[in-house]
Every structure is written in structure tokens, then in C-alpha cells.
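Have a look at data.csv below; it lists CSV, C-alpha atoms.
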chain,number,residue,atom,x,y,z
A,83,MET,CA,-22.0,-17.3,2.4
A,84,SER,CA,-21.2,-17.9,6.1
A,85,PHE,CA,-17.9,-17.1,7.8
A,86,VAL,CA,-17.3,-20.9,8.3
A,87,SER,CA,-17.8,-21.8,4.7
A,88,ALA,CA,-15.5,-18.9,3.6
A,89,LEU,CA,-12.9,-20.2,5.9
A,90,THR,CA,-13.2,-23.9,4.9
A,91,ASP,CA,-13.9,-23.5,1.2
A,92,ALA,CA,-11.3,-20.9,0.3
A,93,ILE,CA,-8.8,-20.1,3.1
A,94,LEU,CA,-8.1,-23.4,4.8
A,95,PRO,CA,-7.2,-25.3,1.5
A,96,VAL,CA,-4.6,-22.5,0.8
A,97,LEU,CA,-3.3,-22.6,4.4
A,98,ALA,CA,-3.0,-26.4,4.3
A,99,VAL,CA,-0.5,-26.4,1.5
A,100,ALA,CA,1.4,-23.4,3.1
A,101,LEU,CA,1.5,-25.4,6.3
A,102,ALA,CA,3.1,-28.3,4.5
A,103,GLY,CA,5.8,-25.9,3.3
A,104,PHE,CA,6.2,-24.5,6.8
A,105,LEU,CA,6.8,-27.9,8.2
A,106,LEU,CA,9.1,-28.9,5.4
A,107,GLY,CA,11.2,-25.8,6.0
A,108,ARG,CA,11.3,-26.6,9.7
A,109,PHE,CA,12.5,-30.2,9.4
A,110,ARG,CA,14.5,-30.0,6.1
A,111,GLU,CA,16.9,-27.5,4.7
A,112,VAL,CA,15.1,-26.2,1.6
A,113,GLU,CA,16.7,-23.9,-0.9
A,114,VAL,CA,13.8,-21.5,-1.2
A,115,ASP,CA,15.8,-19.2,-3.5
A,116,ALA,CA,16.0,-22.0,-6.1
A,117,LEU,CA,12.3,-22.5,-5.9
A,118,GLY,CA,11.8,-18.8,-6.3
A,119,THR,CA,14.0,-18.8,-9.4
A,120,VAL,CA,12.0,-21.6,-11.0
A,121,THR,CA,8.7,-19.9,-10.1
A,122,LEU,CA,9.8,-16.5,-11.4
A,123,TYR,CA,11.4,-17.6,-14.6
A,124,VAL,CA,9.4,-20.7,-15.6
A,125,LEU,CA,6.2,-21.4,-13.7
A,126,THR,CA,4.7,-17.9,-13.3
A,127,PRO,CA,5.3,-16.8,-16.9
A,128,ALA,CA,3.6,-19.9,-18.1
A,129,LEU,CA,0.7,-19.2,-15.7
A,130,VAL,CA,0.5,-15.6,-16.9
A,131,PHE,CA,0.5,-16.5,-20.5
A,132,SER,CA,-1.9,-19.4,-20.4
A,133,THR,CA,-4.3,-17.5,-18.2
A,134,LEU,CA,-4.3,-14.2,-20.1
A,135,ALA,CA,-4.3,-15.8,-23.5
A,136,THR,CA,-7.4,-17.8,-22.8
A,137,THR,CA,-9.2,-15.4,-20.4
A,138,THR,CA,-12.7,-14.2,-21.0
A,139,LEU,CA,-12.0,-10.9,-19.3
A,140,SER,CA,-12.8,-7.9,-21.5
A,141,GLY,CA,-10.3,-5.3,-22.5
A,142,SER,CA,-11.9,-2.7,-20.2
A,143,ALA,CA,-11.6,-5.1,-17.3
A,144,VAL,CA,-7.8,-5.5,-18.0
A,145,VAL,CA,-7.4,-1.7,-18.1
A,146,ASN,CA,-9.4,-1.2,-15.0
A,147,ILE,CA,-7.3,-3.7,-13.1
A,148,ALA,CA,-4.1,-2.0,-14.1
A,149,VAL,CA,-5.4,1.4,-13.2
A,150,GLY,CA,-6.9,0.1,-10.0
A,151,VAL,CA,-3.6,-1.5,-8.9
A,152,THR,CA,-1.7,1.7,-9.6
A,153,ALA,CA,-4.2,3.9,-7.8
A,154,PHE,CA,-4.4,1.6,-4.8
A,155,THR,CA,-0.6,1.3,-4.5
A,156,VAL,CA,0.0,5.1,-4.7
A,157,VAL,CA,-2.8,5.9,-2.2
A,158,MET,CA,-1.5,3.3,0.3
A,159,ALA,CA,2.1,4.7,-0.1
A,160,VAL,CA,0.8,8.2,0.5
A,161,VAL,CA,-1.3,7.1,3.5
A,162,ALA,CA,1.6,5.1,5.0
A,163,TYR,CA,4.0,8.1,4.5
A,164,ALA,CA,1.5,10.4,6.2
A,165,VAL,CA,1.2,8.0,9.2
A,166,VAL,CA,4.9,7.4,9.7
A,167,THR,CA,5.5,11.2,9.4
A,168,LEU,CA,2.8,12.2,11.9
A,169,THR,CA,3.4,9.4,14.4
A,170,ASP,CA,7.1,9.1,14.1
A,171,ALA,CA,6.7,5.4,13.6
A,172,PRO,CA,9.9,3.2,13.8
A,173,HIS,CA,11.6,2.2,10.5
A,174,PRO,CA,9.5,4.5,8.3
A,175,ASN,CA,10.7,3.0,5.0
A,176,GLY,CA,10.0,-0.6,6.2
A,177,THR,CA,6.6,0.5,7.5
A,178,MET,CA,5.7,2.0,4.1
A,179,LEU,CA,6.8,-1.2,2.2
A,180,ALA,CA,5.0,-3.5,4.5
A,181,SER,CA,1.8,-1.4,4.3
A,182,THR,CA,1.8,-0.7,0.6
A,183,PHE,CA,2.4,-4.0,-1.2
A,184,SER,CA,0.1,-7.0,-1.0
A,185,ASN,CA,1.1,-10.7,-1.1
A,186,ALA,CA,-1.0,-11.0,-4.2
A,187,GLY,CA,1.1,-13.8,-5.7
A,188,ASN,CA,1.9,-16.9,-3.6
A,189,TYR,CA,-1.1,-16.2,-1.3
A,190,GLY,CA,-3.4,-14.1,-3.4
A,191,ILE,CA,-3.6,-16.2,-6.6
A,192,PRO,CA,-4.5,-19.5,-4.9
A,193,LEU,CA,-7.0,-17.8,-2.6
A,194,SER,CA,-8.6,-15.9,-5.5
A,195,ALA,CA,-8.8,-19.1,-7.5
A,196,PHE,CA,-10.5,-21.0,-4.7
A,197,ALA,CA,-12.8,-18.1,-3.9
A,198,PHE,CA,-13.8,-16.9,-7.4
A,199,GLY,CA,-12.7,-19.6,-9.9
A,200,ALA,CA,-11.1,-18.9,-13.3
A,201,THR,CA,-12.2,-15.3,-13.3
A,202,GLY,CA,-10.6,-14.8,-9.9
A,203,ARG,CA,-7.4,-16.4,-11.0
A,204,SER,CA,-7.2,-14.3,-14.2
A,205,THR,CA,-7.8,-11.1,-12.2
A,206,ALA,CA,-5.1,-12.1,-9.6
A,207,VAL,CA,-2.6,-12.8,-12.4
A,208,LEU,CA,-3.2,-9.4,-13.9
A,209,PHE,CA,-3.0,-7.9,-10.4
A,210,ILE,CA,0.5,-9.3,-9.7
A,211,ALA,CA,1.7,-8.3,-13.2
A,212,ALA,CA,0.8,-4.7,-12.5
A,213,GLN,CA,2.1,-4.8,-8.9
A,214,SER,CA,5.4,-6.3,-9.9
A,215,VAL,CA,6.2,-3.3,-12.1
A,216,LEU,CA,5.3,-1.0,-9.2
A,217,MET,CA,7.3,-3.1,-6.7
A,218,TYR,CA,10.5,-2.7,-8.8
A,219,SER,CA,10.0,1.0,-9.3
A,220,LEU,CA,8.1,2.6,-6.4
A,221,GLY,CA,9.0,-0.2,-4.0
A,222,VAL,CA,12.8,0.1,-4.6
A,223,PHE,CA,12.5,3.9,-4.3
A,224,ILE,CA,10.8,3.6,-0.9
A,225,ALA,CA,13.4,1.0,0.3
A,226,ALA,CA,16.3,3.2,-0.7
A,227,ARG,CA,14.7,6.5,0.2
A,228,GLY,CA,17.4,8.7,1.7
A,229,THR,CA,20.3,6.6,0.4
A,230,GLY,CA,20.1,6.7,-3.4
A,231,ALA,CA,21.8,3.3,-3.4
A,232,GLY,CA,21.4,1.6,-6.8
A,233,VAL,CA,17.8,2.6,-7.4
A,234,ARG,CA,18.3,3.2,-11.1
A,235,ASP,CA,20.0,-0.2,-11.7
A,236,SER,CA,17.3,-2.0,-9.7
A,237,VAL,CA,14.4,-0.3,-11.5
A,238,GLY,CA,16.0,-1.6,-14.7
A,239,ARG,CA,15.1,-5.1,-13.4
A,240,ILE,CA,11.5,-4.4,-14.4
A,241,PHE,CA,12.6,-5.3,-17.9
A,242,GLU,CA,14.2,-8.5,-16.8
A,243,LEU,CA,10.9,-9.8,-15.3
A,244,PRO,CA,9.7,-12.7,-17.5
A,245,LEU,CA,6.1,-12.2,-16.4
A,246,LEU,CA,6.2,-8.8,-18.1
A,247,TYR,CA,7.0,-10.4,-21.4
A,248,ALA,CA,4.5,-13.1,-20.8
A,249,VAL,CA,1.8,-10.4,-20.5
A,250,LEU,CA,3.0,-8.8,-23.7
A,251,ALA,CA,3.2,-12.2,-25.5
A,252,ALA,CA,-0.4,-13.1,-24.4
A,253,ALA,CA,-1.7,-9.7,-25.5
A,254,LEU,CA,0.0,-9.8,-28.9
A,255,SER,CA,-1.2,-13.4,-29.5
A,256,ARG,CA,-4.7,-12.4,-28.8
A,257,PHE,CA,-4.4,-9.3,-31.0
A,258,LEU,CA,-3.0,-11.3,-33.9
A,259,ASP,CA,-5.5,-14.1,-33.2
A,260,VAL,CA,-2.7,-16.7,-33.1
A,261,VAL,CA,-3.4,-18.1,-29.6
A,262,PRO,CA,-2.8,-21.9,-29.8
A,263,PRO,CA,-6.0,-24.0,-29.2
A,264,GLU,CA,-6.7,-24.7,-25.6
A,265,THR,CA,-7.0,-28.4,-26.3
A,266,GLY,CA,-3.8,-28.5,-28.4
A,267,PRO,CA,-0.5,-29.8,-27.2
A,268,ALA,CA,1.2,-26.4,-27.0
A,269,MET,CA,-1.3,-24.7,-24.8
A,270,GLU,CA,-1.9,-27.8,-22.7
A,271,THR,CA,1.8,-28.0,-22.0
A,272,ILE,CA,2.0,-24.3,-21.1
A,273,ALA,CA,-1.1,-24.6,-18.9
A,274,MET,CA,0.3,-27.7,-17.2
A,275,VAL,CA,3.5,-25.8,-16.3
A,276,GLY,CA,1.6,-22.7,-15.2
A,277,ASN,CA,-0.8,-24.7,-13.0
A,278,ALA,CA,2.3,-26.0,-11.1
A,279,ALA,CA,3.0,-22.4,-10.0
A,280,ILE,CA,0.1,-22.3,-7.5
A,281,PRO,CA,1.1,-25.2,-5.2
A,282,VAL,CA,4.8,-24.2,-5.5
A,283,MET,CA,3.9,-20.6,-4.5
A,284,LEU,CA,2.1,-21.8,-1.4
A,285,LEU,CA,4.9,-24.1,-0.4
A,286,MET,CA,7.3,-21.2,-0.8
A,287,LEU,CA,5.0,-19.0,1.4
A,288,GLY,CA,5.1,-21.6,4.1
A,289,ILE,CA,8.9,-22.0,3.9
A,290,GLN,CA,9.4,-18.3,4.0
A,291,LEU,CA,7.2,-17.9,7.0
A,292,GLY,CA,9.1,-20.6,8.7
A,293,ASN,CA,12.3,-18.8,8.1
A,294,THR,CA,10.9,-15.4,9.0
A,295,GLY,CA,12.6,-13.8,12.0
A,296,ARG,CA,10.6,-12.9,15.1
A,297,GLY,CA,13.1,-10.7,16.9
A,298,VAL,CA,10.9,-7.6,16.9
A,299,ALA,CA,8.3,-7.0,19.6
A,300,LEU,CA,4.8,-7.6,18.0
A,301,SER,CA,3.6,-4.2,19.4
A,302,LYS,CA,6.1,-2.4,17.2
A,303,VAL,CA,4.5,-3.7,14.0
A,304,ALA,CA,1.1,-2.4,14.9
A,305,THR,CA,1.2,0.4,12.4
A,306,PRO,CA,1.8,-1.7,9.2
A,307,THR,CA,-0.6,-4.4,10.6
A,308,VAL,CA,-3.4,-1.9,10.9
A,309,LEU,CA,-2.7,-0.2,7.6
A,310,LYS,CA,-2.5,-3.5,5.7
A,311,LEU,CA,-5.4,-5.4,7.3
A,312,ALA,CA,-7.8,-2.6,8.2
A,313,VAL,CA,-7.1,0.5,6.0
A,314,ALA,CA,-6.1,-1.3,2.8
A,315,PRO,CA,-9.5,-3.0,2.2
A,316,VAL,CA,-11.3,0.3,2.7
A,317,VAL,CA,-8.9,2.0,0.2
A,318,ALA,CA,-9.5,-0.9,-2.2
A,319,LEU,CA,-13.3,-0.3,-2.1
A,320,LEU,CA,-12.8,3.4,-2.6
A,321,VAL,CA,-10.7,2.7,-5.7
A,322,ALA,CA,-13.0,-0.1,-7.1
A,323,VAL,CA,-16.3,1.7,-6.9
A,324,PRO,CA,-15.5,4.7,-9.2
A,325,LEU,CA,-13.7,2.4,-11.6
A,326,GLY,CA,-17.0,0.7,-12.3
A,327,PHE,CA,-15.9,-2.9,-13.1
A,328,SER,CA,-18.5,-4.4,-15.4
A,329,ASP,CA,-17.9,-7.9,-13.9
A,330,PRO,CA,-18.6,-8.0,-10.1
A,331,VAL,CA,-16.4,-11.0,-9.7
A,332,VAL,CA,-13.4,-9.0,-11.1
A,333,ALA,CA,-14.2,-6.2,-8.7
A,334,ARG,CA,-14.5,-8.5,-5.7
A,335,THR,CA,-11.3,-10.3,-6.6
A,336,PHE,CA,-9.6,-6.9,-6.9
A,337,VAL,CA,-10.7,-5.9,-3.4
A,338,LEU,CA,-9.6,-9.3,-2.0
A,339,GLU,CA,-6.1,-9.0,-3.6
A,340,CYS,CA,-5.6,-5.5,-2.1
A,341,ALA,CA,-6.5,-6.9,1.3
A,342,MET,CA,-3.8,-9.6,1.2
A,343,PRO,CA,-1.1,-9.4,4.0
A,344,ALA,CA,2.3,-7.8,3.5
A,345,ALA,CA,4.3,-9.0,0.5
A,346,VAL,CA,7.6,-10.9,0.9
A,347,THR,CA,9.5,-9.2,-2.0
A,348,PRO,CA,9.9,-5.8,-0.2
A,349,LEU,CA,11.9,-7.6,2.5
A,350,VAL,CA,14.5,-8.4,-0.2
A,351,PHE,CA,14.6,-4.7,-1.1
A,352,THR,CA,15.0,-3.7,2.6
A,353,VAL,CA,18.0,-6.1,2.9
A,354,GLU,CA,19.6,-4.9,-0.3
A,355,PHE,CA,19.0,-1.1,-0.2
A,356,SER,CA,18.1,0.1,3.3
A,357,ASP,CA,20.7,1.7,5.5
A,358,ASP,CA,18.7,0.8,8.6
A,359,PRO,CA,20.2,-2.4,10.0
A,360,ALA,CA,17.1,-3.2,12.1
A,361,ALA,CA,14.7,-2.7,9.2
A,362,PRO,CA,14.8,-6.3,7.8
A,363,ALA,CA,13.8,-7.9,11.2
A,364,TYR,CA,11.0,-5.3,11.5
A,365,VAL,CA,9.7,-6.0,8.0
A,366,SER,CA,9.9,-9.8,8.4
A,367,THR,CA,8.0,-9.6,11.6
A,368,ALA,CA,5.3,-7.5,9.9
A,369,ILE,CA,5.0,-10.1,7.2
A,370,LEU,CA,4.6,-12.9,9.7
A,371,VAL,CA,2.1,-11.0,11.9
A,372,THR,CA,-0.1,-9.7,9.0
A,373,THR,CA,-0.1,-13.2,7.4
A,374,LEU,CA,-1.3,-14.8,10.6
A,375,LEU,CA,-3.9,-12.1,11.4
A,376,SER,CA,-5.1,-12.1,7.8
A,377,ILE,CA,-6.8,-15.5,8.3
A,378,PRO,CA,-9.9,-14.2,10.3
A,379,VAL,CA,-9.8,-10.9,8.4
A,380,LEU,CA,-9.9,-12.5,5.0
A,381,ALA,CA,-12.6,-14.9,6.1
A,382,VAL,CA,-14.8,-12.0,7.1
A,383,LEU,CA,-14.0,-10.1,3.9
A,384,LEU,CA,-14.8,-13.2,1.8
A,385,THR,CA,-18.0,-13.7,3.6
A,386,VAL,CA,-19.1,-10.2,2.6
A,387,LEU,CA,-17.7,-10.3,-0.9
A,388,ARG,CA,-19.1,-13.7,-1.8
A,389,GLY,CA,-22.4,-12.8,-0.2
A,390,GLY,CA,-22.7,-9.9,-2.6
A,391,LEU,CA,-21.4,-6.6,-1.5
A,392,PRO,CA,-24.1,-4.0,-1.8
A,393,LEU,CA,-22.0,-1.3,-3.5
A,394,PRO,CA,-22.0,-0.1,-7.1
A,395,GLY,CA,-19.6,-2.0,-9.3
A,396,VAL,CA,-18.6,-4.4,-6.5

What would the structure in this file look like if it were written as C-alpha cells?
Amino acid sequence: MSFVSALTDAILPVLAVALAGFLLGRFREVEVDALGTVTLYVLTPALVFSTLATTTLSGSAVVNIAVGVTAFTVVMAVVAYAVVTLTDAPHPNGTMLASTFSNAGNYGIPLSAFAFGATGRSTAVLFIAAQSVLMYSLGVFIAARGTGAGVRDSVGRIFELPLLYAVLAAALSRFLDVVPPETGPAMETIAMVGNAAIPVMLLMLGIQLGNTGRGVALSKVATPTVLKLAVAPVVALLVAVPLGFSDPVVARTFVLECAMPAAVTPLVFTVEFSDDPAAPAYVSTAILVTTLLSIPVLAVLLTVLRGGLPLPGV
């Protein structure tokens, strides 16, 4: 696959919807928090349940994805901590957050679906389920590192995440063999609601980027930008190869998800828990810069991945 086809077939369709959200946010006052609530509590759980209940992924693939996400996240957190310690980078907690967590949801799921079809979407859904648990544990710890402010209470929010219960419900339904027929009214309704999550996620991404502050000099976010767009894909490969994914499409989607730009949720953690008043502007700038620069980076990565990466298990 060529660079141009990777750009036009997978990335530009995603960006076109995000651009619509960006323009909407610029010309209209949109309550993105309300969209986020609907997505978190209704659309995403429906997407997770319908995808995982009907997925053809094997049990070993599901375990490998969960282990891979955990390993990747921990390694990136350690690498980011080492970099900010050795280089005395500004806003170390913000740098770690922006470098560790990928925008695997409202950017990663649609891109994975465009690039790798149903298997890509299933893999991306599992990726965000595992990463969400890590975000609300390790992510909160990083954001509040040195303050101790409300970490225990926030980590408890893991058990308030509807997508966690959607994963458990899908797994239990498959185990008990009580998954509703795909062509039946129940599953078709759940799938219809879940499918709405993808365009809404992209619209939210555009609106959030439109509202992202740009008060920090771009040169100051060089560290998280390099870590997220250059180091993270390498770490993803180093994690994926020894896991030995039996399905190469799952492996390639896993690498793609890891290479996504900085996630938006850690910005919320920074606002809520950090005692550094300049950290939110820093993290928001890192999100904007990594998202924009990810366009050519992901196009190159997709060209390689969809062309058949010559590595074992990938």
C-alpha cells in the first residue's frame, strides 16, 4: 500500500468528520461535555458490547491485547519518567501523561476500523477498555504525583465506567452462550446505538481540538511529541513481537493504536489533580501538536503495516 492510499483510504475520512466538529465548535457553542456523557454512558458501552459479543477474535488474542496494553503503558510511563528526570523537562507530570496514553478512542477506533475493518475495530475496542482502567489508576496517580489529592476516590471511578461492565456482560454472554442473534432486534438495536459512537467520537475530537488552548510555545512540547510519535511506535513493536499475536491484523492494529497522538482524558486529570497551574495549557498544547503531526506519521506507519510488516507476529 502506498503512502497516498493510506492517507486517502484511512486517515482523511477520519479527519474529514473531525474537521466538521472543529468547524462546528468554532461557529457554534457546543456542549462537548454533554456529548461526552452520552458517548461514555450510552454509545460506547453499546459499541463495546455489540463488538465483543460478536467478535471472531480468539480468547488468546483478547488476553494478548490486555497484556500488551498494560505492558506498553507501563513501559511508556517509565521511559517518560526517565526522560523528564534526566532532562529536567518542564511540567514532568504533564509530560508523562501526554507521552503515556494514546487517543485510542475517538481517533483510534475510527482509524482502526477504516484501516483494518471489523477485526481492527474489535481490537481497538478492547484496547480502549484496557487503557481506560489504566488511565483511571496509573493516569490519576501520575497527574496527582506529589500532591496525594483525591487519588483513591478517583481510582474508584474505574468501577463507575460503563464500558467495564459492557466488557464483562459481553464476556459472560459468550461464556453462557446467550448472545442475542446478530440479525435479531435486540442485537441490531444495540449495534445501531454502538455504531453511532464512531462519528460522535470524531465530532468530539474536532470540537475538543478547536477548544484546545495554544498558549504554550510549540518548542516546549517537543519532549512529549517525540515520545508519543517516535518512541511509542517502537515500544509497541517491542511489545507486540514477543506476545506473538496469532492474527497479524490484531497485531498491526495494536501497534497502530499505540502510535495514536496524546489522549484527551489526561488533560481532565491535570486540571483536577495537578498543583501546577501551567500544566493544563502545556498538556492541551501537546494534544494539539501531536494530533496534527500524527497525520503524516500515521500515514507512513499505515503504509508499512498494511504493506505487511516483516516482523514475527506483526

Which residues of segment 288-393 of chain A come within 10 Å of segment 164-169 of chain A, and what is each one's closest atom pair and distance in Å (one decimal), counting only C-alpha atoms, sorted by chain and residue number, as JSON lines?
{"residue": "A:Thr305", "atom": "CA", "partner": "A:Val165", "partner_atom": "CA", "distance": 8.2}
{"residue": "A:Pro306", "atom": "CA", "partner": "A:Val166", "partner_atom": "CA", "distance": 9.6}
{"residue": "A:Leu309", "atom": "CA", "partner": "A:Val165", "partner_atom": "CA", "distance": 9.2}

Checklist entry - In terms of the shortest atom-to-atom distance over only C-alpha atoms, which of A:Val331, A:Leu291, A:Ala363, A:Val120 is closest to Ala102 of chain A? => result A:Leu291

Checklist entry - Which residue, A:Phe351, A:Pro192, A:Met342, A:Pro244, has the smallest gap to Ala98 of chain A when you use only C-alpha atoms? => result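 Of the candidates, the smallest distance to Ala98 of chain A is held by A:Pro192.
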
Next on the checklist: Considering all atoms listed in the file, can you say which of A:Leu285, A:Met178, A:Leu349, A:Val261 comes closest to Ala159 of chain A?
Outcome noted: A:Met178

Checklist outcome for this item: Using only C-alpha atoms, the best pick from A:Leu179, A:Val308, A:Val316, A:Ala211 as closest to Leu246 of chain A would be A:Ala211

Checklist entry - In Å, how far is it from atom CA of Phe196 of chain A to atom CA of Ile289 of chain A? => result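 Taking atom CA of Phe196 of chain A as the start and atom CA of Ile289 of chain A as the end point, the length is 21.2 Å.
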
Checklist entry - So, counting only C-alpha atoms, which residue among A:Ala344, A:Ala368, A:Ala314, A:Ala92 is closest to Phe154 of chain A? => result A:Ala314

Checklist entry - Between atom CA of Ala200 of chain A and atom CA of Leu254 of chain A, what is the distance, to one decimal in Å? => result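 Computed distance, atom CA of Ala200 of chain A to atom CA of Leu254 of chain A, equals 21.2 Å.
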
Checklist entry - Using only C-alpha atoms, which residue out of A:Arg203, A:Gly221, A:Ala341, A:Val353 lies closest to Val382 of chain A? => result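 For Val382 of chain A, the nearest of the given residues is A:Ala341.
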
Next on the checklist: Just to confirm, what's the straight-line distance from atom CA of Gly199 of chain A to atom CA of Leu101 of chain A in Å (one decimal)?
Outcome noted: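 One can read the atom CA of Gly199 of chain A to atom CA of Leu101 of chain A distance as 22.3 Å.
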
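Near segment 113-117 of chain A, within 12 Å and counting all atoms listed in the file, sit Gly103, Phe104, Leu106, Gly107, Thr121, Leu122, Tyr123, Val124, Leu125, Thr126, Ala278, Ala279, Pro281, Val282, Met283, Leu284, Leu285, Met286, Leu287, Gly288, Ile289, Gln290, Leu291, Gly292, Asn293, Thr347 and Val350 of chain A; same-chain residues fewer than 4 positions away were not included.
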
Item to check | Who sits within 9 Å of Pro348 of chain A, only C-alpha atoms, same chain under 6 positions skipped, as a list in words | outcome: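 The residues that qualify are Gly176, Leu179, Ala180, Phe183, Met217, Gly221, Val222, Ala225 and Val365 of chain A.
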
Next on the checklist: Show me the residues close to (-12.7, -15.7, 0.4) - anything with an atom within 9 Å, counting all atoms listed in the file - and format the list as a PyMOL selection string.
Outcome noted: chain A and resi 88-89+91-93+193-194+196-198+335+338+380-388

Checklist entry - What residues have an atom no more than 8 Å from (-1.7, -14.8, -16.6) in the file's own frame, counting all atoms listed in the file, and can you write them as JSON, numbers by chain? => result {"A": [126, 127, 128, 129, 130, 131, 132, 133, 134, 135, 204, 207, 208, 248, 249]}
